[in-house]
>>> print(open('protein36.cif').read())   # mmCIF, C-alpha atoms
data_model
loop_
_atom_site.label_atom_id
_atom_site.label_comp_id
_atom_site.auth_asym_id
_atom_site.auth_seq_id
_atom_site.Cartn_x
_atom_site.Cartn_y
_atom_site.Cartn_z
CA MET A 1499 -19.53 0.35 3.94
CA GLU A 1500 -23.00 1.82 3.77
CA ARG A 1501 -26.08 0.07 2.47
CA ARG A 1502 -29.12 1.74 0.97
CA GLY A 1503 -32.05 -0.38 -0.03
CA GLY A 1504 -29.99 -3.53 0.42
CA LYS A 1505 -27.25 -2.35 -1.90
CA ALA A 1506 -23.67 -1.56 -0.92
CA ILE A 1507 -22.62 2.01 -1.48
CA ARG A 1508 -18.89 2.67 -1.83
CA ARG A 1509 -17.15 5.68 -0.36
CA TRP A 1510 -14.51 6.89 -2.78
CA GLY A 1511 -12.50 9.30 -0.63
CA THR A 1512 -9.71 6.81 -0.02
CA ALA A 1513 -8.94 6.06 -3.64
CA VAL A 1514 -8.76 9.72 -4.60
CA ILE A 1515 -6.40 10.82 -1.85
CA ALA A 1516 -4.32 7.66 -2.04
CA SER A 1517 -3.31 8.50 -5.60
CA ALA A 1518 -1.31 11.50 -4.48
CA ALA A 1519 2.38 10.60 -4.42
CA ALA A 1520 4.56 11.69 -1.53
CA LEU A 1521 7.66 13.72 -2.35
CA THR A 1522 11.04 12.54 -1.18
CA VAL A 1523 14.22 14.54 -1.03
CA ALA A 1524 17.50 12.79 -0.27
CA VAL A 1525 19.62 14.22 2.51
CA PRO A 1526 23.36 14.41 1.77
CA ALA A 1527 25.68 12.62 4.13
CA ASN A 1528 27.64 14.89 6.46
CA ALA A 1529 28.95 15.07 9.98
CA ALA A 1530 25.61 16.16 11.44
CA GLN A 1531 23.90 13.23 9.79
CA ALA A 1532 26.52 10.84 11.10
CA THR A 1533 25.80 12.07 14.63
CA GLU A 1534 22.07 11.61 14.07
CA ALA A 1535 22.67 8.10 12.73
CA ARG A 1536 24.31 7.14 16.00
CA SER A 1537 21.54 8.59 18.16
CA GLY A 1538 18.54 7.56 16.09
CA PRO A 1539 15.37 9.44 15.14
CA SER A 1540 14.42 12.22 17.54
CA GLY A 1541 11.04 13.06 19.01
CA VAL A 1542 9.45 9.60 18.78
CA SER A 1543 6.43 9.61 21.11
CA ALA A 1544 5.99 5.83 21.33
CA LYS A 1545 6.77 4.14 24.62
CA GLY A 1546 8.21 1.22 22.69
CA ALA A 1547 9.65 1.21 19.17
CA TYR A 1548 11.92 -0.77 16.88
CA LEU A 1549 13.49 -0.37 13.45
CA LEU A 1550 14.76 -3.36 11.48
CA ASP A 1551 16.60 -3.58 8.18
CA ASN A 1552 14.56 -6.36 6.62
CA ASN A 1553 17.22 -7.19 4.03
CA THR A 1554 19.98 -7.86 6.55
CA ASP A 1555 17.87 -8.67 9.64
CA LYS A 1556 19.85 -6.07 11.58
CA GLN A 1557 18.52 -3.69 14.22
CA LEU A 1558 18.73 -0.07 13.13
CA TRP A 1559 17.33 1.59 16.25
CA ALA A 1560 15.25 0.70 19.28
CA LYS A 1561 13.41 2.22 22.22
CA ALA A 1562 12.43 -0.07 25.12
CA ALA A 1563 12.74 -2.92 22.63
CA ASP A 1564 12.24 -5.72 25.14
CA THR A 1565 9.56 -4.22 27.38
CA LYS A 1566 6.32 -6.20 27.26
CA ARG A 1567 3.25 -4.20 26.23
CA PRO A 1568 -0.30 -5.01 25.08
CA MET A 1569 -0.55 -4.94 21.27
CA ALA A 1570 -4.25 -4.42 20.44
CA SER A 1571 -5.20 -5.42 16.89
CA THR A 1572 -1.63 -5.85 15.71
CA THR A 1573 -2.44 -9.29 17.17
CA LYS A 1574 -4.22 -9.98 13.89
CA LEU A 1575 -0.89 -10.15 12.09
CA MET A 1576 -0.19 -13.38 13.97
CA THR A 1577 -3.72 -14.58 13.19
CA ALA A 1578 -2.94 -14.14 9.50
CA VAL A 1579 0.48 -15.79 9.79
CA VAL A 1580 -0.93 -18.90 11.47
CA VAL A 1581 -3.49 -19.24 8.68
CA LEU A 1582 -1.00 -18.63 5.88
CA ASP A 1583 1.56 -21.04 7.35
CA THR A 1584 -1.01 -23.85 7.48
CA ARG A 1585 0.23 -26.87 5.56
CA GLY A 1586 -1.79 -27.50 2.40
CA LEU A 1587 -3.62 -24.18 2.73
CA ASN A 1588 -6.44 -23.60 0.25
CA LEU A 1589 -6.95 -19.85 -0.05
CA GLY A 1590 -10.09 -20.49 -2.09
CA LYS A 1591 -11.82 -22.52 0.62
CA LYS A 1592 -15.29 -21.10 1.34
CA VAL A 1593 -16.19 -20.20 4.91
CA THR A 1594 -19.82 -19.58 5.86
CA VAL A 1595 -20.32 -16.62 8.18
CA LYS A 1596 -22.00 -17.61 11.44
CA GLN A 1597 -24.20 -15.40 13.59
CA SER A 1598 -21.83 -16.08 16.47
CA TYR A 1599 -19.06 -14.10 14.69
CA ILE A 1600 -21.35 -11.09 14.39
CA ASP A 1601 -22.63 -11.41 17.96
CA TYR A 1602 -19.11 -11.71 19.36
CA THR A 1603 -17.88 -8.58 17.58
CA ALA A 1604 -20.88 -6.60 18.80
CA ARG A 1605 -20.46 -7.86 22.35
CA VAL A 1606 -16.79 -6.85 22.63
CA GLY A 1607 -17.22 -3.63 20.66
CA GLY A 1608 -14.53 -4.62 18.18
CA SER A 1609 -13.82 -3.20 14.75
CA LYS A 1610 -15.57 -5.19 12.08
CA ALA A 1611 -15.54 -6.20 8.44
CA ASP A 1612 -19.34 -6.11 8.65
CA LEU A 1613 -19.68 -9.76 7.63
CA GLN A 1614 -23.25 -10.92 7.05
CA LYS A 1615 -24.73 -14.19 8.29
CA GLY A 1616 -24.77 -16.93 5.69
CA ASP A 1617 -22.37 -15.23 3.27
CA LYS A 1618 -19.67 -17.52 1.90
CA LEU A 1619 -16.26 -15.87 1.76
CA THR A 1620 -12.98 -17.47 0.78
CA VAL A 1621 -10.09 -17.68 3.20
CA LYS A 1622 -8.25 -15.07 1.13
CA GLN A 1623 -11.23 -12.71 1.30
CA LEU A 1624 -11.36 -13.15 5.07
CA LEU A 1625 -7.68 -12.20 5.23
CA TYR A 1626 -8.57 -8.92 3.53
CA GLY A 1627 -11.41 -8.45 6.02
CA LEU A 1628 -9.00 -9.23 8.86
CA LEU A 1629 -6.14 -6.95 7.84
CA LEU A 1630 -7.73 -3.95 6.11
CA PRO A 1631 -10.75 -2.92 8.24
CA SER A 1632 -9.30 -4.99 11.13
CA GLY A 1633 -12.41 -7.14 11.36
CA CYS A 1634 -12.80 -9.03 14.61
CA ASP A 1635 -15.61 -10.96 12.90
CA ALA A 1636 -13.16 -12.04 10.18
CA ALA A 1637 -10.61 -12.99 12.86
CA MET A 1638 -13.13 -15.22 14.59
CA ALA A 1639 -14.17 -16.81 11.30
CA LEU A 1640 -10.55 -17.73 10.57
CA ALA A 1641 -9.87 -18.96 14.12
CA ASP A 1642 -13.03 -21.09 14.02
CA THR A 1643 -12.06 -22.50 10.63
CA PHE A 1644 -8.41 -23.29 11.36
CA GLY A 1645 -8.75 -24.37 14.97
CA THR A 1646 -9.58 -27.93 16.04
CA GLY A 1647 -12.39 -29.23 18.23
CA ASP A 1648 -16.10 -29.92 18.13
CA THR A 1649 -17.30 -26.47 19.18
CA THR A 1650 -16.46 -22.91 18.18
CA ALA A 1651 -15.11 -22.25 21.68
CA LYS A 1652 -12.74 -25.22 21.48
CA ARG A 1653 -11.65 -24.38 17.95
CA THR A 1654 -10.86 -20.74 18.73
CA LYS A 1655 -9.00 -21.79 21.88
CA SER A 1656 -6.88 -24.26 19.93
CA PHE A 1657 -6.18 -21.59 17.32
CA ILE A 1658 -4.82 -19.27 20.01
CA ALA A 1659 -2.59 -22.14 21.13
CA GLN A 1660 -1.30 -22.31 17.55
CA MET A 1661 -0.54 -18.58 17.72
CA ASN A 1662 1.60 -19.12 20.82
CA LYS A 1663 3.31 -22.10 19.22
CA LYS A 1664 4.19 -19.98 16.19
CA ALA A 1665 5.50 -17.19 18.42
CA SER A 1666 7.79 -19.67 20.13
CA ALA A 1667 9.01 -21.02 16.78
CA LEU A 1668 9.85 -17.49 15.63
CA GLY A 1669 11.85 -16.77 18.77
CA MET A 1670 9.29 -14.32 20.16
CA THR A 1671 10.31 -15.18 23.71
CA LYS A 1672 8.56 -12.24 25.38
CA SER A 1673 5.20 -12.52 23.60
CA HIS A 1674 1.98 -14.24 24.54
CA TYR A 1675 -1.47 -14.42 22.99
CA ASP A 1676 -4.76 -14.98 24.79
CA THR A 1677 -6.95 -13.77 21.92
CA PHE A 1678 -7.26 -14.15 18.16
CA ASP A 1679 -8.09 -10.48 17.56
CA GLY A 1680 -6.34 -8.38 20.21
CA ILE A 1681 -9.29 -7.90 22.55
CA SER A 1682 -7.89 -9.53 25.66
CA GLN A 1683 -10.17 -10.80 28.38
CA GLY A 1684 -7.37 -11.93 30.68
CA GLY A 1685 -4.72 -9.26 30.14
CA GLN A 1686 -2.21 -11.81 28.89
CA ASN A 1687 -1.93 -10.59 25.30
CA TYR A 1688 1.39 -8.85 24.96
CA THR A 1689 4.55 -8.51 22.90
CA THR A 1690 7.68 -6.37 22.62
CA PRO A 1691 8.84 -4.18 19.75
CA ARG A 1692 11.69 -6.59 19.00
CA ASP A 1693 9.41 -9.63 18.99
CA MET A 1694 6.86 -7.94 16.76
CA ALA A 1695 9.59 -7.04 14.29
CA LYS A 1696 10.50 -10.73 14.08
CA LEU A 1697 6.90 -11.54 13.28
CA ALA A 1698 6.65 -8.80 10.67
CA ARG A 1699 9.82 -9.95 8.92
CA HIS A 1700 8.48 -13.50 8.77
CA ALA A 1701 5.08 -12.31 7.58
CA LEU A 1702 6.51 -10.29 4.69
CA LYS A 1703 8.06 -13.43 3.24
CA ASN A 1704 4.54 -14.55 2.32
CA SER A 1705 3.51 -13.04 -1.01
CA THR A 1706 -0.21 -13.30 -0.27
CA LEU A 1707 0.14 -11.38 2.95
CA GLY A 1708 2.33 -8.81 1.23
CA THR A 1709 -0.33 -8.24 -1.42
CA VAL A 1710 -3.11 -7.89 1.16
CA VAL A 1711 -1.41 -5.52 3.61
CA LYS A 1712 -0.24 -3.06 0.95
CA SER A 1713 -3.78 -2.66 -0.44
CA VAL A 1714 -5.27 0.76 0.33
CA ASP A 1715 -8.73 -0.66 -0.29
CA THR A 1716 -10.41 -3.64 -1.91
CA ILE A 1717 -13.68 -4.80 -3.44
CA GLN A 1718 -14.69 -8.39 -2.68
CA LYS A 1719 -17.79 -10.22 -3.92
CA ALA A 1720 -19.25 -13.21 -2.10
CA PRO A 1721 -22.34 -15.42 -2.45
CA ALA A 1722 -24.98 -14.21 0.02
CA ALA A 1723 -27.40 -16.33 2.01
CA ASN A 1724 -30.30 -15.17 -0.17
CA GLY A 1725 -28.67 -16.54 -3.31
CA ARG A 1726 -27.53 -13.16 -4.54
CA THR A 1727 -24.02 -11.70 -4.56
CA ARG A 1728 -22.91 -9.35 -1.82
CA THR A 1729 -20.19 -6.79 -2.44
CA TYR A 1730 -17.83 -5.85 0.35
CA PHE A 1731 -15.84 -2.60 0.24
CA TRP A 1732 -12.98 -2.44 2.71
CA ASN A 1733 -10.55 0.41 3.34
CA ASN A 1734 -7.20 -0.11 5.01
CA THR A 1735 -6.96 1.49 8.46
CA ASN A 1736 -3.21 2.04 7.95
CA ARG A 1737 -2.81 5.71 6.96
CA LEU A 1738 0.83 5.28 5.96
CA LEU A 1739 -0.47 3.64 2.79
CA GLY A 1740 -1.17 6.23 0.14
CA SER A 1741 0.65 8.84 2.23
CA TYR A 1742 4.26 7.81 2.74
CA SER A 1743 6.27 7.01 -0.38
CA GLY A 1744 7.19 3.33 -0.45
CA ALA A 1745 4.88 2.19 2.37
CA ILE A 1746 3.87 -1.48 2.01
CA GLY A 1747 1.82 -2.20 5.19
CA ILE A 1748 1.45 -3.77 7.74
CA LYS A 1749 -1.11 -3.54 10.61
CA THR A 1750 -2.68 -1.04 12.99
CA GLY A 1751 -3.96 -1.52 16.52
CA THR A 1752 -5.71 0.71 19.05
CA GLY A 1753 -6.99 0.10 22.55
CA THR A 1754 -7.41 1.75 25.94
CA ALA A 1755 -4.47 -0.04 27.58
CA PRO A 1756 -2.33 -0.63 24.48
CA GLY A 1757 -2.75 2.90 23.15
CA ARG A 1758 -2.08 3.41 19.45
CA CYS A 1759 0.10 0.73 17.91
CA LEU A 1760 1.50 0.22 14.43
CA VAL A 1761 3.55 -2.42 12.66
CA PHE A 1762 4.77 -0.92 9.40
CA ALA A 1763 7.14 -1.38 6.51
CA ALA A 1764 8.38 0.64 3.57
CA LYS A 1765 10.55 -0.18 0.57
CA ARG A 1766 12.81 2.18 -1.34
CA ASP A 1767 15.56 1.38 -3.86
CA GLY A 1768 15.31 -2.33 -3.11
CA ARG A 1769 15.71 -1.85 0.64
CA THR A 1770 12.88 -2.75 3.02
CA VAL A 1771 12.67 -1.32 6.52
CA VAL A 1772 10.30 -2.74 9.15
CA GLY A 1773 9.12 -0.69 12.10
CA VAL A 1774 7.12 -1.33 15.26
CA ILE A 1775 5.41 1.23 17.47
CA LEU A 1776 3.66 0.33 20.73
CA ASN A 1777 1.61 2.85 22.72
CA ALA A 1778 2.22 6.04 20.76
CA PRO A 1779 0.22 9.28 21.03
CA LYS A 1780 1.44 10.15 17.53
CA ARG A 1781 2.04 6.86 15.75
CA TYR A 1782 2.02 8.10 12.15
CA PRO A 1783 4.36 11.05 12.71
CA ASP A 1784 6.52 8.60 14.70
CA ALA A 1785 6.57 6.15 11.79
CA LYS A 1786 7.50 8.93 9.37
CA LYS A 1787 10.37 10.08 11.59
CA MET A 1788 11.64 6.53 11.95
CA LEU A 1789 11.46 5.71 8.25
CA ASP A 1790 12.96 9.02 7.18
CA TRP A 1791 15.84 8.43 9.56
CA ALA A 1792 16.35 4.91 8.22
CA PHE A 1793 16.21 6.03 4.59
CA ARG A 1794 18.14 9.27 5.28
CA ALA A 1795 15.40 11.30 3.66
CA HIS A 1796 12.96 14.12 4.30
CA THR A 1797 9.53 13.02 3.04
CA LYS A 1798 6.71 15.46 2.49
CA VAL A 1799 3.47 13.78 3.49
CA THR A 1800 -0.20 14.62 3.12
CA TRP A 1801 -1.90 12.10 5.35
CA ARG A 1802 -4.61 10.01 3.69
CA GLN A 1803 -7.97 10.57 5.33
CA LEU A 1804 -10.03 7.49 6.11
CA PRO A 1805 -13.50 7.49 4.52
CA LYS A 1806 -16.46 7.83 6.84
CA GLY A 1807 -17.36 4.50 8.36
CA THR A 1808 -13.83 3.07 8.27
CA PRO A 1809 -12.83 1.67 11.69
CA ARG A 1810 -10.34 3.93 13.51
CA ASP A 1811 -8.16 1.04 14.58
#
>>> encode(input="protein36.cif", output="structure tokens")
Amino acid sequence: MERRGGKAIRRWGTAVIASAAALTVAVPANAAQATEARSGPSGVSAKGAYLLDNNTDKQLWAKAADTKRPMASTTKLMTAVVVLDTRGLNLGKKVTVKQSYIDYTARVGGSKADLQKGDKLTVKQLLYGLLLPSGCDAAMALADTFGTGDTTAKRTKSFIAQMNKKASALGMTKSHYDTFDGISQGGQNYTTPRDMAKLARHALKNSTLGTVVKSVDTIQKAPAANGRTRTYFWNNTNRLLGSYSGAIGIKTGTGTAPGRCLVFAAKRDGRTVVGVILNAPKRYPDAKKMLDWAFRAHTKVTWRQLPKGTPRD
């Protein structure tokens, strides 16, 4: 988002390119394909990867599925799940942006939703800010709001404890969170491809999350501190959306130690496939190879370009 003279200026590149449909050509079943089906997709660069048939909850293919690796901003998927699984959740609850959220994001150099002090955003709007531009400021706002304690530090700490409790409940036995946004200070923020697939499958059961993560971009209006209305324009960092036919999310992540990560899903002919990629030099080509193998298809893709100013998460 760019502002000129106090007004938000939208960049339209995303919407234009996202409208181009990908072409899919079915591959006939034959002996060669049967051999490939046993071996899995070839040429996947990721150090860890997993493919799950979401309909049957069955593994389709895996690579180092149970090796623990840092997950970067795919952490924010658990942040969203903890919020959305809160009993009696009010998605319309207004949260006032604090300066501490802005200062924190600047201090750690995290991707941001560019929240402005004093603005009042709903919980649902913060979920968009969390999952599309991968806003660390939005993550802190949610952790501060849904944690318990008498200070921001105590509330965010208790929220992280909730994240670990949820991981345990979902059977993510080789995962641990020490951060609400993926920027780990202690190096104890990790998962495995198999564990992350469990989380993704659970997350997709929530219709609100499903709506948010499949959005290529969004426009959100919120009351500003000066009494006016501020308009937020957020583009989704996930380039599968608008590029790969049937893509429905889910979350990107990038970091020095974690490398490029991606939790993704696509739906074709009523069948949903979930994929996880951890530490991949070529995460989007990897995701395409994995999904094409799962769907037994050859998909022609023109990758959606992210508008200038969109975080490269």
>>> residues_around(input="protein36.cif", residues="segment 1635-1651 of chain A", least_positions_apart="3", cutoff="6 Å", atoms="all atoms listed in the file", output="short mmCIF file (atom, residue, chain, number, x, y, z; two decimals) with C-alpha atoms, in the frame of the given file")
data_model
loop_
_atom_site.label_atom_id
_atom_site.label_comp_id
_atom_site.auth_asym_id
_atom_site.auth_seq_id
_atom_site.Cartn_x
_atom_site.Cartn_y
_atom_site.Cartn_z
CA TYR A 1599 -19.06 -14.10 14.69
CA ILE A 1600 -21.35 -11.09 14.39
CA THR A 1603 -17.88 -8.58 17.58
CA LYS A 1610 -15.57 -5.19 12.08
CA LEU A 1624 -11.36 -13.15 5.07
CA GLY A 1627 -11.41 -8.45 6.02
CA LEU A 1628 -9.00 -9.23 8.86
CA THR A 1654 -10.86 -20.74 18.73
CA SER A 1656 -6.88 -24.26 19.93
CA PHE A 1657 -6.18 -21.59 17.32
CA ASP A 1679 -8.09 -10.48 17.56
#
>>> closest_residue(input="protein36.cif", among="A:Val1580, A:Leu1549, A:Ile1775, A:Ala1792", to="Thr1752 of chain A", atoms="only C-alpha atoms")
A:Ile1775
>>> atom_distance(input="protein36.cif", atom1="atom CA of Phe1678 of chain A", atom2="atom CA of Ala1611 of chain A")
15.0 Å
>>> closest_atom_pairs(input="protein36.cif", of="segment 1553-1669 of chain A", to="segment 1730-1734 of chain A", cutoff="12 Å", atoms="only C-alpha atoms", output="JSON lines")
{"residue": "A:Lys1610", "atom": "CA", "partner": "A:Trp1732", "partner_atom": "CA", "distance": 10.1}
{"residue": "A:Ala1611", "atom": "CA", "partner": "A:Trp1732", "partner_atom": "CA", "distance": 7.3}
{"residue": "A:Asp1612", "atom": "CA", "partner": "A:Tyr1730", "partner_atom": "CA", "distance": 8.4}
{"residue": "A:Leu1613", "atom": "CA", "partner": "A:Tyr1730", "partner_atom": "CA", "distance": 8.5}
{"residue": "A:Gln1614", "atom": "CA", "partner": "A:Tyr1730", "partner_atom": "CA", "distance": 10.0}
{"residue": "A:Asp1617", "atom": "CA", "partner": "A:Tyr1730", "partner_atom": "CA", "distance": 10.8}
{"residue": "A:Lys1618", "atom": "CA", "partner": "A:Tyr1730", "partner_atom": "CA", "distance": 11.9}
{"residue": "A:Leu1619", "atom": "CA", "partner": "A:Tyr1730", "partner_atom": "CA", "distance": 10.2}
{"residue": "A:Gln1623", "atom": "CA", "partner": "A:Tyr1730", "partner_atom": "CA", "distance": 9.6}
{"residue": "A:Leu1624", "atom": "CA", "partner": "A:Tyr1730", "partner_atom": "CA", "distance": 10.8}
{"residue": "A:Leu1625", "atom": "CA", "partner": "A:Trp1732", "partner_atom": "CA", "distance": 11.4}
{"residue": "A:Tyr1626", "atom": "CA", "partner": "A:Trp1732", "partner_atom": "CA", "distance": 7.9}
{"residue": "A:Gly1627", "atom": "CA", "partner": "A:Trp1732", "partner_atom": "CA", "distance": 7.0}
{"residue": "A:Leu1628", "atom": "CA", "partner": "A:Trp1732", "partner_atom": "CA", "distance": 10.0}
{"residue": "A:Leu1629", "atom": "CA", "partner": "A:Asn1734", "partner_atom": "CA", "distance": 7.5}
{"residue": "A:Leu1630", "atom": "CA", "partner": "A:Asn1734", "partner_atom": "CA", "distance": 4.0}
{"residue": "A:Pro1631", "atom": "CA", "partner": "A:Asn1734", "partner_atom": "CA", "distance": 5.6}
{"residue": "A:Ser1632", "atom": "CA", "partner": "A:Asn1734", "partner_atom": "CA", "distance": 8.1}
{"residue": "A:Gly1633", "atom": "CA", "partner": "A:Trp1732", "partner_atom": "CA", "distance": 9.9}
>>> resolve_selection(input="protein36.cif", expression="the PyMOL selection byres ((chain A and resi 1742) around 9)", output="list in words")
Ala1519, Ala1520, Leu1521, Arg1737, Leu1738, Leu1739, Gly1740, Ser1741, Ser1743, Gly1744, Ala1745, Ala1764, Lys1786, Thr1797, Lys1798, Val1799, Thr1800 and Trp1801 of chain A
>>> resolve_selection(input="protein36.cif", expression="the PyMOL selection byres ((chain A and resi 1589) around 8)", output="PyMOL selection string")
chain A and resi 1587-1588+1590-1591+1620-1622
>>> decode(input="protein36.cif", residues="segment 1795-1810 of chain A", atoms="N, CA, C and O atoms", output="short mmCIF file (atom, residue, chain, number, x, y, z; two decimals), in the first residue's frame")
data_model
loop_
_atom_site.label_atom_id
_atom_site.label_comp_id
_atom_site.auth_asym_id
_atom_site.auth_seq_id
_atom_site.Cartn_x
_atom_site.Cartn_y
_atom_site.Cartn_z
N ALA A 1795 -2.20 -34.48 -13.68
CA ALA A 1795 -2.45 -33.44 -14.69
C ALA A 1795 -1.16 -32.73 -15.06
O ALA A 1795 -0.15 -32.84 -14.35
N HIS A 1796 -1.19 -32.05 -16.19
CA HIS A 1796 -0.11 -31.14 -16.58
C HIS A 1796 -0.74 -29.76 -16.66
O HIS A 1796 -1.58 -29.50 -17.52
N THR A 1797 -0.37 -28.88 -15.75
CA THR A 1797 -1.00 -27.55 -15.67
C THR A 1797 -0.06 -26.49 -16.22
O THR A 1797 1.09 -26.39 -15.79
N LYS A 1798 -0.55 -25.73 -17.16
CA LYS A 1798 0.22 -24.61 -17.70
C LYS A 1798 0.00 -23.40 -16.80
O LYS A 1798 -1.14 -23.00 -16.56
N VAL A 1799 1.08 -22.84 -16.31
CA VAL A 1799 0.99 -21.76 -15.32
C VAL A 1799 1.76 -20.53 -15.76
O VAL A 1799 2.90 -20.62 -16.21
N THR A 1800 1.12 -19.38 -15.63
CA THR A 1800 1.80 -18.09 -15.72
C THR A 1800 1.77 -17.51 -14.32
O THR A 1800 0.69 -17.17 -13.81
N TRP A 1801 2.92 -17.45 -13.68
CA TRP A 1801 2.93 -17.07 -12.27
C TRP A 1801 2.50 -15.62 -12.06
O TRP A 1801 2.99 -14.71 -12.71
N ARG A 1802 1.58 -15.44 -11.14
CA ARG A 1802 1.11 -14.10 -10.76
C ARG A 1802 2.26 -13.31 -10.16
O ARG A 1802 2.97 -13.80 -9.27
N GLN A 1803 2.43 -12.11 -10.62
CA GLN A 1803 3.48 -11.23 -10.08
C GLN A 1803 2.90 -10.39 -8.92
O GLN A 1803 1.80 -9.86 -9.03
N LEU A 1804 3.64 -10.30 -7.86
CA LEU A 1804 3.18 -9.52 -6.72
C LEU A 1804 3.38 -8.03 -6.99
O LEU A 1804 4.46 -7.62 -7.45
N PRO A 1805 2.37 -7.22 -6.72
CA PRO A 1805 2.51 -5.77 -6.93
C PRO A 1805 3.64 -5.20 -6.07
O PRO A 1805 3.97 -5.74 -5.02
N LYS A 1806 4.23 -4.12 -6.55
CA LYS A 1806 5.29 -3.46 -5.82
C LYS A 1806 4.80 -3.09 -4.42
O LYS A 1806 3.70 -2.59 -4.24
N GLY A 1807 5.62 -3.37 -3.45
CA GLY A 1807 5.27 -3.06 -2.07
C GLY A 1807 4.70 -4.23 -1.30
O GLY A 1807 4.60 -4.19 -0.07
N THR A 1808 4.32 -5.31 -2.00
CA THR A 1808 3.82 -6.50 -1.33
C THR A 1808 4.98 -7.24 -0.66
O THR A 1808 6.01 -7.46 -1.30
N PRO A 1809 4.85 -7.62 0.61
CA PRO A 1809 5.94 -8.36 1.27
C PRO A 1809 6.29 -9.63 0.50
O PRO A 1809 5.41 -10.32 -0.01
N ARG A 1810 7.57 -9.91 0.37
CA ARG A 1810 8.03 -11.15 -0.29
C ARG A 1810 8.21 -12.22 0.77
O ARG A 1810 9.31 -12.63 1.08
#
